[in-house]
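Enquirer: I'm passing along model.csv; it holds CSV, C-alpha atoms.
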```csv
chain,number,residue,atom,x,y,z
A,1,MET,CA,-34.5,-4.7,28.6
A,2,SER,CA,-35.6,-6.5,25.5
A,3,LEU,CA,-33.6,-5.6,22.4
A,4,CYS,CA,-34.8,-7.3,19.3
A,5,LEU,CA,-35.4,-10.6,20.9
A,6,ARG,CA,-37.0,-11.9,17.7
A,7,CYS,CA,-33.8,-11.4,15.8
A,8,GLN,CA,-31.7,-14.6,15.5
A,9,ARG,CA,-27.9,-14.5,15.5
A,10,VAL,CA,-26.4,-15.7,12.2
A,11,THR,CA,-22.9,-17.0,12.0
A,12,VAL,CA,-20.7,-14.9,9.8
A,13,LEU,CA,-19.3,-16.7,6.8
A,14,PRO,CA,-15.7,-16.2,5.8
A,15,VAL,CA,-15.1,-14.1,2.7
A,16,ASN,CA,-12.6,-15.3,0.2
A,17,LEU,CA,-11.8,-12.4,-2.1
A,18,ARG,CA,-8.9,-14.1,-3.9
A,19,PRO,CA,-10.0,-15.5,-7.3
A,20,CYS,CA,-9.2,-19.0,-8.1
A,21,ALA,CA,-6.3,-19.3,-10.6
A,22,THR,CA,-3.4,-21.6,-11.4
A,23,LEU,CA,-0.1,-20.7,-9.6
A,24,SER,CA,3.1,-21.0,-11.5
A,25,SER,CA,6.6,-21.3,-10.0
A,26,ALA,CA,7.9,-18.6,-12.4
A,27,GLU,CA,6.5,-15.1,-13.1
A,28,ASN,CA,4.1,-14.7,-15.9
A,29,ARG,CA,6.1,-12.7,-18.4
A,30,GLN,CA,3.1,-11.5,-20.3
A,31,THR,CA,1.6,-10.1,-17.1
A,32,VAL,CA,4.8,-8.4,-16.1
A,33,GLN,CA,5.3,-6.8,-19.5
A,34,ALA,CA,1.7,-5.7,-19.7
A,35,LEU,CA,2.1,-4.0,-16.3
A,36,TYR,CA,5.3,-2.4,-17.4
A,37,ASP,CA,3.6,-1.0,-20.4
A,38,LEU,CA,1.1,0.7,-18.1
A,39,SER,CA,3.9,2.2,-16.0
A,40,VAL,CA,2.9,0.1,-13.0
A,41,ASP,CA,5.5,0.0,-10.2
A,42,ILE,CA,6.5,-3.7,-10.6
A,43,GLN,CA,8.9,-3.6,-7.7
A,44,LYS,CA,6.1,-2.6,-5.4
A,45,VAL,CA,3.9,-5.4,-6.7
A,46,ARG,CA,6.8,-7.9,-6.2
A,47,LYS,CA,7.4,-6.7,-2.7
A,48,LEU,CA,3.8,-6.7,-1.5
A,49,LYS,CA,1.8,-9.2,-3.7
A,50,SER,CA,4.3,-11.2,-5.8
A,51,TRP,CA,1.9,-14.1,-6.0
A,52,VAL,CA,-0.2,-12.2,-8.5
A,53,LEU,CA,2.7,-12.2,-11.0
A,54,HIS,CA,2.8,-16.0,-10.8
A,55,GLN,CA,-0.8,-16.6,-11.9
A,56,SER,CA,-1.0,-18.4,-15.3
A,57,THR,CA,-4.0,-16.3,-16.4
A,58,ALA,CA,-4.4,-12.5,-16.0
A,59,TYR,CA,-6.5,-9.8,-17.7
A,60,VAL,CA,-4.2,-6.7,-17.5
A,61,LYS,CA,-5.4,-5.2,-20.8
A,62,GLU,CA,-9.0,-5.8,-20.0
A,63,VAL,CA,-8.8,-4.1,-16.6
A,64,ALA,CA,-7.0,-1.1,-18.1
A,65,ASP,CA,-9.5,-0.9,-20.9
A,66,LEU,CA,-12.4,-1.0,-18.5
A,67,LEU,CA,-10.9,1.7,-16.2
A,68,LYS,CA,-10.0,3.9,-19.2
A,69,ASP,CA,-13.5,3.5,-20.6
A,70,MET,CA,-14.8,4.9,-17.3
A,71,GLY,CA,-12.6,7.9,-17.6
A,72,ALA,CA,-9.5,6.9,-15.6
A,73,SER,CA,-6.2,8.4,-16.6
A,74,GLY,CA,-3.1,6.4,-17.2
A,75,SER,CA,-1.5,7.4,-14.0
A,76,ILE,CA,-4.6,6.5,-12.0
A,77,ILE,CA,-4.8,3.1,-13.7
A,78,ALA,CA,-1.1,2.5,-12.8
A,79,GLN,CA,-1.7,3.5,-9.2
A,80,ILE,CA,-4.7,1.2,-8.8
A,81,LEU,CA,-2.8,-1.8,-10.2
A,82,ALA,CA,0.2,-1.1,-8.1
A,83,VAL,CA,-1.7,-1.1,-4.8
A,84,HIS,CA,-4.2,-3.8,-5.8
A,85,PRO,CA,-2.6,-5.9,-8.6
A,86,GLU,CA,-5.0,-8.8,-8.0
A,87,ALA,CA,-7.5,-6.8,-10.0
A,88,VAL,CA,-5.9,-8.4,-13.1
A,89,LEU,CA,-7.2,-11.8,-12.0
A,90,CYS,CA,-10.8,-10.7,-12.4
A,91,SER,CA,-12.3,-11.9,-15.6
A,92,PRO,CA,-13.9,-9.4,-18.0
A,93,GLU,CA,-17.3,-10.8,-17.2
A,94,GLN,CA,-16.7,-10.3,-13.5
A,95,MET,CA,-15.6,-6.7,-14.0
A,96,GLN,CA,-18.5,-5.8,-16.2
A,97,ALA,CA,-20.9,-7.3,-13.7
A,98,GLN,CA,-19.3,-5.2,-10.9
A,99,ARG,CA,-19.5,-2.1,-13.1
A,100,GLU,CA,-23.3,-2.6,-13.6
A,101,LEU,CA,-23.7,-3.3,-9.9
A,102,TRP,CA,-21.9,-0.2,-8.8
A,103,MET,CA,-23.5,2.0,-11.4
A,104,SER,CA,-26.9,1.1,-9.9
A,105,VAL,CA,-26.1,3.3,-6.9
A,106,CYS,CA,-23.2,5.5,-8.1
A,107,PRO,CA,-24.3,8.8,-9.8
A,108,ASN,CA,-21.7,8.7,-12.6
A,109,GLN,CA,-18.6,6.9,-13.8
A,110,LYS,CA,-16.2,9.7,-12.7
A,111,GLU,CA,-17.3,9.2,-9.1
A,112,LEU,CA,-17.0,5.4,-9.5
A,113,VAL,CA,-13.4,5.8,-10.7
A,114,GLY,CA,-12.7,7.9,-7.6
A,115,ILE,CA,-14.1,5.1,-5.4
A,116,ILE,CA,-12.0,2.4,-7.2
A,117,GLU,CA,-8.9,4.6,-6.8
A,118,LYS,CA,-9.5,4.7,-3.0
A,119,PHE,CA,-11.0,1.3,-2.4
A,120,PRO,CA,-9.9,-1.0,-5.3
A,121,ALA,CA,-10.5,-4.2,-3.3
A,122,SER,CA,-14.2,-3.2,-2.9
A,123,PHE,CA,-14.7,-3.2,-6.6
A,124,PHE,CA,-12.6,-6.1,-7.8
A,125,THR,CA,-14.2,-8.9,-5.8
A,126,SER,CA,-15.1,-12.5,-6.3
A,127,SER,CA,-18.2,-13.1,-8.5
A,128,SER,CA,-19.4,-15.6,-5.9
A,129,HIS,CA,-20.7,-12.7,-3.9
A,130,HIS,CA,-22.6,-11.0,-6.7
A,131,THR,CA,-26.0,-12.2,-5.7
A,132,ASN,CA,-25.5,-11.2,-2.1
A,133,GLN,CA,-24.3,-7.7,-3.2
A,134,TRP,CA,-27.5,-7.1,-5.3
A,135,ASN,CA,-29.7,-8.4,-2.5
A,136,ASN,CA,-28.1,-6.1,0.1
A,137,ILE,CA,-28.3,-3.1,-2.2
A,138,ALA,CA,-32.0,-3.7,-2.6
A,139,TYR,CA,-32.5,-4.1,1.1
A,140,PHE,CA,-30.7,-0.9,2.1
A,141,GLN,CA,-32.7,0.9,-0.6
A,142,SER,CA,-35.9,-0.5,1.0
A,143,LEU,CA,-34.8,1.3,4.2
A,144,ASN,CA,-34.8,4.5,2.3
A,145,LEU,CA,-31.1,5.0,2.6
A,146,ASN,CA,-30.0,7.2,-0.3
A,147,LYS,CA,-27.6,5.9,-2.9
A,148,ARG,CA,-24.7,8.0,-1.8
A,149,ILE,CA,-24.8,6.4,1.7
A,150,ILE,CA,-25.1,2.9,0.1
A,151,THR,CA,-22.1,3.6,-2.1
A,152,LYS,CA,-20.1,4.7,0.9
A,153,LEU,CA,-21.0,1.5,2.8
A,154,MET,CA,-20.1,-0.7,-0.2
A,155,ALA,CA,-16.7,1.1,-0.6
A,156,SER,CA,-15.6,1.2,3.1
A,157,ALA,CA,-17.1,-2.1,4.3
A,158,PRO,CA,-17.5,-4.5,1.3
A,159,GLN,CA,-17.8,-7.5,3.6
A,160,SER,CA,-21.2,-6.2,4.7
A,161,PHE,CA,-22.5,-6.5,1.1
A,162,SER,CA,-20.7,-9.8,0.3
A,163,ARG,CA,-22.3,-11.7,3.1
A,164,PRO,CA,-25.9,-13.1,3.1
A,165,LEU,CA,-28.7,-10.5,3.4
A,166,GLU,CA,-30.2,-12.1,6.5
A,167,GLN,CA,-27.1,-11.3,8.6
A,168,ASN,CA,-27.4,-7.6,7.9
A,169,LYS,CA,-31.1,-7.7,8.5
A,170,VAL,CA,-30.5,-9.1,12.0
A,171,MET,CA,-28.1,-6.2,13.0
A,172,VAL,CA,-30.3,-3.5,11.5
A,173,CYS,CA,-33.3,-4.9,13.3
A,174,THR,CA,-31.4,-4.9,16.6
A,175,LEU,CA,-30.3,-1.2,16.0
A,176,GLN,CA,-33.8,-0.1,15.0
A,177,GLN,CA,-35.5,-1.7,17.9
A,178,ALA,CA,-32.9,-0.5,20.4
A,179,TYR,CA,-33.5,3.0,19.1
A,180,GLN,CA,-37.2,2.7,19.5
A,181,GLU,CA,-37.2,1.1,22.9
A,182,LEU,CA,-35.0,3.8,24.2
A,183,GLY,CA,-37.5,6.4,23.1
A,184,GLY,CA,-36.3,7.4,19.7
A,185,GLU,CA,-38.9,8.9,17.4
A,186,GLU,CA,-39.8,6.9,14.3
A,187,ILE,CA,-39.7,10.1,12.1
A,188,ASN,CA,-36.0,10.5,13.0
A,189,MET,CA,-34.9,6.9,12.7
A,190,LYS,CA,-33.9,7.0,9.0
A,191,VAL,CA,-31.4,9.9,9.6
A,192,TRP,CA,-30.2,8.3,12.8
A,193,LEU,CA,-29.5,5.0,11.1
A,194,GLN,CA,-27.7,6.8,8.2
A,195,LYS,CA,-25.4,8.7,10.5
A,196,LEU,CA,-24.6,5.5,12.5
A,197,LEU,CA,-23.8,3.5,9.4
A,198,THR,CA,-21.7,6.1,7.8
A,199,GLN,CA,-19.6,6.8,10.9
A,200,ASN,CA,-19.0,3.1,11.5
A,201,PRO,CA,-20.1,0.9,8.6
A,202,PHE,CA,-18.4,-2.1,10.3
A,203,VAL,CA,-21.2,-2.1,12.9
A,204,LEU,CA,-23.1,-4.4,10.6
A,205,LEU,CA,-20.4,-7.1,11.1
A,206,LYS,CA,-20.7,-7.1,14.9
A,207,PRO,CA,-22.9,-9.7,16.7
A,208,PRO,CA,-26.2,-8.1,17.9
A,209,GLU,CA,-25.5,-9.5,21.4
A,210,VAL,CA,-22.7,-7.0,21.8
A,211,LEU,CA,-25.0,-4.1,21.5
A,212,ARG,CA,-27.5,-5.6,23.9
A,213,GLN,CA,-24.9,-6.5,26.5
A,214,ASN,CA,-23.4,-3.0,26.4
A,215,LEU,CA,-26.7,-1.2,26.8
A,216,LEU,CA,-27.7,-3.5,29.7
A,217,PHE,CA,-24.3,-2.8,31.4
A,218,LEU,CA,-24.8,0.9,31.1
A,219,ARG,CA,-28.4,0.7,32.4
A,220,ASP,CA,-27.0,-1.2,35.4
A,221,LYS,CA,-24.6,1.7,35.9
A,222,GLY,CA,-27.5,4.0,36.5
A,223,PHE,CA,-28.1,5.6,33.1
A,224,ASN,CA,-31.8,6.1,32.4
A,225,THR,CA,-33.6,5.5,29.1
A,226,ALA,CA,-33.1,9.0,27.8
A,227,GLU,CA,-29.4,9.0,28.7
A,228,LEU,CA,-28.9,5.6,27.0
A,229,LEU,CA,-30.4,7.0,23.8
A,230,HIS,CA,-28.1,10.0,24.1
A,231,LEU,CA,-25.1,7.6,24.4
A,232,LEU,CA,-26.2,5.4,21.6
A,233,SER,CA,-26.7,8.4,19.3
A,234,LYS,CA,-23.4,10.0,20.3
A,235,LEU,CA,-21.3,6.8,20.1
A,236,ARG,CA,-23.1,5.8,16.9
A,237,GLY,CA,-21.9,2.4,15.8
A,238,PHE,CA,-18.8,2.6,18.0
A,239,ILE,CA,-20.9,1.3,20.9
A,240,THR,CA,-20.4,-2.2,19.4
A,241,GLU,CA,-16.7,-1.8,19.7
A,242,LEU,CA,-17.1,-1.7,23.5
A,243,ASN,CA,-17.5,-4.5,26.1
A,244,PRO,CA,-18.7,-4.5,29.7
A,245,ASP,CA,-15.3,-5.6,31.1
A,246,SER,CA,-13.3,-2.8,29.5
A,247,MET,CA,-16.0,-0.2,30.3
A,248,ARG,CA,-16.0,-1.4,34.0
A,249,LEU,CA,-12.2,-0.8,34.2
A,250,THR,CA,-12.4,2.6,32.5
A,251,LEU,CA,-15.2,3.9,34.7
A,252,ALA,CA,-13.5,2.7,37.9
A,253,TYR,CA,-10.2,4.4,36.9
A,254,SER,CA,-12.0,7.6,35.8
A,255,GLN,CA,-14.0,7.9,39.0
A,256,ASP,CA,-10.9,7.2,41.2
A,257,THR,CA,-8.8,9.7,39.3
A,258,MET,CA,-11.3,12.5,39.3
A,259,GLY,CA,-12.6,11.7,42.8
A,260,CYS,CA,-16.2,12.1,41.8
A,261,SER,CA,-19.5,10.3,42.8
A,262,GLU,CA,-21.2,7.8,40.5
A,263,ALA,CA,-23.8,10.4,39.6
A,264,ASP,CA,-21.1,13.0,38.7
A,265,LEU,CA,-19.3,10.3,36.7
A,266,ARG,CA,-22.5,9.7,34.7
A,267,ASP,CA,-22.8,13.4,33.9
A,268,ILE,CA,-19.1,13.4,32.8
A,269,ILE,CA,-19.7,10.4,30.5
A,270,LEU,CA,-22.8,12.1,29.0
A,271,ASP,CA,-20.6,15.1,28.2
A,272,CYS,CA,-17.8,13.0,26.8
A,273,PRO,CA,-19.1,9.5,25.8
A,274,ALA,CA,-15.7,8.8,24.2
A,275,LEU,CA,-14.3,8.1,27.7
A,276,LEU,CA,-16.1,4.7,27.6
A,277,TYR,CA,-13.8,3.3,24.9
A,278,TYR,CA,-10.4,4.7,26.1
A,279,SER,CA,-8.3,2.1,28.0
A,280,GLU,CA,-6.9,2.8,31.4
A,281,ALA,CA,-3.4,3.2,30.0
A,282,ILE,CA,-4.5,5.9,27.5
A,283,LEU,CA,-6.5,7.8,30.1
A,284,SER,CA,-3.6,7.6,32.6
A,285,GLU,CA,-1.2,9.1,30.0
A,286,ARG,CA,-3.7,11.9,29.2
A,287,PHE,CA,-4.5,12.8,32.8
A,288,GLN,CA,-0.8,12.9,33.6
A,289,ASP,CA,0.0,15.1,30.6
A,290,LEU,CA,-2.8,17.6,31.5
A,291,LEU,CA,-1.8,17.7,35.1
A,292,SER,CA,1.9,18.3,34.3
A,293,ALA,CA,0.8,21.3,32.2
A,294,GLY,CA,-0.7,22.9,35.3
A,295,ILE,CA,-4.3,21.9,34.6
A,296,SER,CA,-6.4,20.9,37.6
A,297,ILE,CA,-8.7,17.9,38.1
A,298,SER,CA,-11.6,20.3,38.6
A,299,GLN,CA,-10.9,21.9,35.2
A,300,ILE,CA,-10.9,18.5,33.5
A,301,THR,CA,-14.1,17.5,35.3
A,302,GLU,CA,-15.8,20.7,34.0
A,303,THR,CA,-14.5,20.1,30.4
A,304,PRO,CA,-13.9,16.3,30.1
A,305,THR,CA,-13.8,16.5,26.3
A,306,VAL,CA,-10.2,17.6,26.7
A,307,LEU,CA,-9.5,13.9,27.3
A,308,GLU,CA,-10.3,13.2,23.7
A,309,LEU,CA,-7.1,14.9,22.7
A,310,THR,CA,-3.7,13.2,22.5
A,311,PRO,CA,-0.8,14.6,24.6
A,312,GLN,CA,0.9,15.8,21.4
A,313,ILE,CA,-2.2,17.8,20.3
A,314,VAL,CA,-2.7,19.2,23.9
A,315,ASN,CA,0.9,20.4,24.1
A,316,TYR,CA,0.8,22.0,20.6
A,317,ARG,CA,-2.4,23.8,21.4
A,318,ILE,CA,-1.2,25.1,24.8
A,319,GLN,CA,1.8,26.6,23.1
A,320,ARG,CA,-0.4,28.3,20.5
A,321,LEU,CA,-2.7,29.7,23.2
A,322,ARG,CA,0.3,30.9,25.3
A,323,ALA,CA,1.5,32.9,22.2
A,324,TYR,CA,-1.8,34.8,22.3
A,325,GLY,CA,-1.5,35.5,26.1
A,326,TYR,CA,-4.0,32.8,27.2
A,327,ASP,CA,-3.1,31.0,30.4
A,328,ILE,CA,-4.7,27.6,30.3
A,329,ARG,CA,-4.1,27.1,34.0
A,330,THR,CA,-6.5,29.8,35.0
A,331,GLY,CA,-8.8,29.9,32.0
A,332,SER,CA,-11.5,27.6,30.6
A,333,LEU,CA,-10.5,24.4,28.9
A,334,LYS,CA,-13.2,24.9,26.3
A,335,VAL,CA,-10.9,27.0,24.2
A,336,LEU,CA,-8.4,24.0,24.3
A,337,SER,CA,-10.8,21.2,23.4
A,338,GLY,CA,-12.9,20.5,20.3
A,339,THR,CA,-12.0,19.8,16.7
A,340,LYS,CA,-9.2,21.4,14.8
A,341,LYS,CA,-11.7,23.8,13.2
A,342,ASP,CA,-13.1,24.8,16.6
A,343,PHE,CA,-9.6,25.4,18.0
A,344,GLU,CA,-8.6,27.6,15.0
A,345,MET,CA,-11.7,29.7,15.5
A,346,ASN,CA,-10.9,30.2,19.1
A,347,CYS,CA,-7.3,31.2,18.2
A,348,GLY,CA,-8.7,33.6,15.7
A,349,LYS,CA,-10.8,35.3,18.4
A,350,LEU,CA,-7.9,35.5,20.8
A,351,ARG,CA,-5.7,37.0,18.0
A,352,LEU,CA,-8.3,39.7,17.2
A,353,ARG,CA,-8.7,40.5,20.9
A,354,ARG,CA,-4.9,40.9,21.2
A,355,GLU,CA,-4.5,43.0,18.1
A,356,ARG,CA,-7.6,45.1,18.5
A,357,PRO,CA,-6.6,48.8,19.2
A,358,LEU,CA,-7.8,50.6,22.2
A,359,PHE,CA,-10.9,52.6,21.4
A,360,ASN,CA,-13.2,54.6,23.6
A,361,PRO,CA,-16.7,54.5,22.0
A,362,VAL,CA,-17.9,57.5,24.0
A,363,SER,CA,-15.0,59.7,23.0
A,364,PRO,CA,-16.0,62.1,20.2
A,365,LEU,CA,-14.3,61.7,16.9
A,366,LYS,CA,-12.1,64.5,15.8
A,367,GLY,CA,-13.6,66.0,12.6
A,368,ASP,CA,-12.5,68.7,10.1
A,369,ASP,CA,-13.0,72.3,11.3
```
Would it be possible to restate this file's structure as structure tokens?
Expert:
Amino acid sequence: MSLCLRCQRVTVLPVNLRPCATLSSAENRQTVQALYDLSVDIQKVRKLKSWVLHQSTAYVKEVADLLKDMGASGSIIAQILAVHPEAVLCSPEQMQAQRELWMSVCPNQKELVGIIEKFPASFFTSSSHHTNQWNNIAYFQSLNLNKRIITKLMASAPQSFSRPLEQNKVMVCTLQQAYQELGGEEINMKVWLQKLLTQNPFVLLKPPEVLRQNLLFLRDKGFNTAELLHLLSKLRGFITELNPDSMRLTLAYSQDTMGCSEADLRDIILDCPALLYYSEAILSERFQDLLSAGISISQITETPTVLELTPQIVNYRIQRLRAYGYDIRTGSLKVLSGTKKDFEMNCGKLRLRRERPLFNPVSPLKGDD
């Protein structure tokens, strides 16, 4: 299977986000006082990133003024500087350049403040990456990704935007071609790519060869083209977190434990692709926990998604179901598996069924004489 053979692998360059500054043996008293005045937790800074306080040059007031001008409250400013004090090492020119960069994709300053509060390191970065950031923004816009998606990528995976554009192009090219070669429709590719990148933005930092190797391994295991597309879509970018060796061990353990054929195992994987990235140790713990609760292997085979739940969640849910009179040993595991929202809906249905009064719909209602 040819997966973007025209794409060349590009070596990832190291990213140095720490600004260059002169380090002093003693704390910079002006920096410490300025942070005190902003109610920043100095002890936290000393404990986690004391080196910042030893820099000879800092721009505490300038950072605070910038954040305040964007609408940040005093408490938010103090919180940002406590968790990411190296922000004070960015020059006013750097900060203003970053502000303009982010506002090119961020709808308003209030939302940008919220992003900085959650991902300060993504905003306060070295100016040496500024050109790469602009180039990558332009590239993702050319893919018709909306600004909100691009903003989320910049916040959660800033390394993807700090590195040279060509490196991102290689991975995106590989993903797009894999999708098309597996039968994906062109009209749906934009939405598919958006979902993949938002669920695992770090997929851009993975070598393209990882994706190709994993797809080739799964094809050798008997998955056809349509099934591979299903797995690629369900696993999203997490398929690049896998490797053939770990999948081989996981598949062998799962087949041996469930006593199923290779064809049956493929069907189970298609129902629960997450099985591919659980280690043998994790699966062993989860199988043992389910079996000790009285659940049979045949029940697990019918609803393999139950293996996505940790033993703690399984035991908690079993207790909840038991309170509503549901015996998990004889009932379907579908009521046990799923998201928290799914489970609460199932519990709600069981509660209503338990509380519903007996009523004979064919019995005449007693009216007034």
Enquirer: Could you tell me how far atom CA of Lys190 of chain A sits from atom CA of Arg212 of chain A, in Å to one decimal place?
Expert: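 Between atom CA of Arg212 of chain A and atom CA of Lys190 of chain A the gap works out to 20.5 Å.
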Enquirer: Which residues come within 12 Å of Phe223 of chain A, counting all atoms listed in the file, excluding same-chain residues fewer than 3 positions away, as an mmCIF file with C-alpha atoms, in the frame of the given file?
Expert:
```
data_model
loop_
_atom_site.group_PDB
_atom_site.id
_atom_site.type_symbol
_atom_site.label_atom_id
_atom_site.label_comp_id
_atom_site.auth_asym_id
_atom_site.auth_seq_id
_atom_site.Cartn_x
_atom_site.Cartn_y
_atom_site.Cartn_z
ATOM 1 C CA LEU A 182 -35.000 3.800 24.200
ATOM 2 C CA ASN A 214 -23.400 -3.000 26.400
ATOM 3 C CA LEU A 215 -26.700 -1.200 26.800
ATOM 4 C CA LEU A 216 -27.700 -3.500 29.700
ATOM 5 C CA PHE A 217 -24.300 -2.800 31.400
ATOM 6 C CA LEU A 218 -24.800 0.900 31.100
ATOM 7 C CA ARG A 219 -28.400 0.700 32.400
ATOM 8 C CA ASP A 220 -27.000 -1.200 35.400
ATOM 9 C CA ALA A 226 -33.100 9.000 27.800
ATOM 10 C CA GLU A 227 -29.400 9.000 28.700
ATOM 11 C CA LEU A 228 -28.900 5.600 27.000
ATOM 12 C CA LEU A 229 -30.400 7.000 23.800
ATOM 13 C CA HIS A 230 -28.100 10.000 24.100
ATOM 14 C CA LEU A 231 -25.100 7.600 24.400
ATOM 15 C CA LEU A 232 -26.200 5.400 21.600
ATOM 16 C CA GLU A 262 -21.200 7.800 40.500
ATOM 17 C CA ALA A 263 -23.800 10.400 39.600
ATOM 18 C CA ASP A 264 -21.100 13.000 38.700
ATOM 19 C CA LEU A 265 -19.300 10.300 36.700
ATOM 20 C CA ARG A 266 -22.500 9.700 34.700
ATOM 21 C CA ASP A 267 -22.800 13.400 33.900
ATOM 22 C CA ILE A 268 -19.100 13.400 32.800
ATOM 23 C CA ILE A 269 -19.700 10.400 30.500
ATOM 24 C CA LEU A 270 -22.800 12.100 29.000
#
```
Enquirer: Atom CA of Leu89 of chain A and atom CA of Gln55 of chain A, how far apart in Å?
Expert: 8.0 Å
Enquirer: Please check which residues have atoms at most 12 Å from (-8.6, 29.9, 18.5) in the file's coordinates, counting all atoms listed in the file, and write them as a VMD selection string.
Expert: chain A and resid 317 to 326 333 to 354
Enquirer: Nearest to Ser156 of chain A among A:Val170, A:Leu283, A:Ile115, A:Met189, with distances taken over only C-alpha atoms: which residue is it?
Expert: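 Of A:Val170, A:Leu283, A:Ile115, A:Met189, the one nearest Ser156 of chain A is A:Ile115, counting only C-alpha atoms.
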Enquirer: Can you tell me how far atom CA of Ile137 of chain A sits from atom CA of Phe161 of chain A, in Å to one decimal?
Expert: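 Distance between the two atoms: 7.5 Å.
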Enquirer: Here's a test: counting only C-alpha atoms, identify every protein, DNA and RNA residue with an atom at most 12 Å from (-20.5, -7.8, 1.4) in the file's coordinate frame, and state them as a ChimeraX atom specification.
Expert: /A:12-17,121-123,125-137,150,153-168,201-202,204-205
Enquirer: With C-alpha atoms retained, could you export that selection as a PDB file, keeping the file's coordinate frame?
Expert:
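What landed in selection15.pdb:
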```pdb
ATOM      1  CA  VAL A  12     -20.700 -14.900   9.800  1.00  0.00           C
ATOM      2  CA  LEU A  13     -19.300 -16.700   6.800  1.00  0.00           C
ATOM      3  CA  PRO A  14     -15.700 -16.200   5.800  1.00  0.00           C
ATOM      4  CA  VAL A  15     -15.100 -14.100   2.700  1.00  0.00           C
ATOM      5  CA  ASN A  16     -12.600 -15.300   0.200  1.00  0.00           C
ATOM      6  CA  LEU A  17     -11.800 -12.400  -2.100  1.00  0.00           C
ATOM      7  CA  ALA A 121     -10.500  -4.200  -3.300  1.00  0.00           C
ATOM      8  CA  SER A 122     -14.200  -3.200  -2.900  1.00  0.00           C
ATOM      9  CA  PHE A 123     -14.700  -3.200  -6.600  1.00  0.00           C
ATOM     10  CA  THR A 125     -14.200  -8.900  -5.800  1.00  0.00           C
ATOM     11  CA  SER A 126     -15.100 -12.500  -6.300  1.00  0.00           C
ATOM     12  CA  SER A 127     -18.200 -13.100  -8.500  1.00  0.00           C
ATOM     13  CA  SER A 128     -19.400 -15.600  -5.900  1.00  0.00           C
ATOM     14  CA  HIS A 129     -20.700 -12.700  -3.900  1.00  0.00           C
ATOM     15  CA  HIS A 130     -22.600 -11.000  -6.700  1.00  0.00           C
ATOM     16  CA  THR A 131     -26.000 -12.200  -5.700  1.00  0.00           C
ATOM     17  CA  ASN A 132     -25.500 -11.200  -2.100  1.00  0.00           C
ATOM     18  CA  GLN A 133     -24.300  -7.700  -3.200  1.00  0.00           C
ATOM     19  CA  TRP A 134     -27.500  -7.100  -5.300  1.00  0.00           C
ATOM     20  CA  ASN A 135     -29.700  -8.400  -2.500  1.00  0.00           C
ATOM     21  CA  ASN A 136     -28.100  -6.100   0.100  1.00  0.00           C
ATOM     22  CA  ILE A 137     -28.300  -3.100  -2.200  1.00  0.00           C
ATOM     23  CA  ILE A 150     -25.100   2.900   0.100  1.00  0.00           C
ATOM     24  CA  LEU A 153     -21.000   1.500   2.800  1.00  0.00           C
ATOM     25  CA  MET A 154     -20.100  -0.700  -0.200  1.00  0.00           C
ATOM     26  CA  ALA A 155     -16.700   1.100  -0.600  1.00  0.00           C
ATOM     27  CA  SER A 156     -15.600   1.200   3.100  1.00  0.00           C
ATOM     28  CA  ALA A 157     -17.100  -2.100   4.300  1.00  0.00           C
ATOM     29  CA  PRO A 158     -17.500  -4.500   1.300  1.00  0.00           C
ATOM     30  CA  GLN A 159     -17.800  -7.500   3.600  1.00  0.00           C
ATOM     31  CA  SER A 160     -21.200  -6.200   4.700  1.00  0.00           C
ATOM     32  CA  PHE A 161     -22.500  -6.500   1.100  1.00  0.00           C
ATOM     33  CA  SER A 162     -20.700  -9.800   0.300  1.00  0.00           C
ATOM     34  CA  ARG A 163     -22.300 -11.700   3.100  1.00  0.00           C
ATOM     35  CA  PRO A 164     -25.900 -13.100   3.100  1.00  0.00           C
ATOM     36  CA  LEU A 165     -28.700 -10.500   3.400  1.00  0.00           C
ATOM     37  CA  GLU A 166     -30.200 -12.100   6.500  1.00  0.00           C
ATOM     38  CA  GLN A 167     -27.100 -11.300   8.600  1.00  0.00           C
ATOM     39  CA  ASN A 168     -27.400  -7.600   7.900  1.00  0.00           C
ATOM     40  CA  PRO A 201     -20.100   0.900   8.600  1.00  0.00           C
ATOM     41  CA  PHE A 202     -18.400  -2.100  10.300  1.00  0.00           C
ATOM     42  CA  LEU A 204     -23.100  -4.400  10.600  1.00  0.00           C
ATOM     43  CA  LEU A 205     -20.400  -7.100  11.100  1.00  0.00           C
TER      44      LEU A 205
END
```
Enquirer: Can you tell me, as a PyMOL selection string, what residues are no more than 8 Å from Pro304 of chain A when counting all atoms listed in the file, ignoring any on the same chain fewer than 4 positions away?
Expert: chain A and resi 268+271-272+300+308
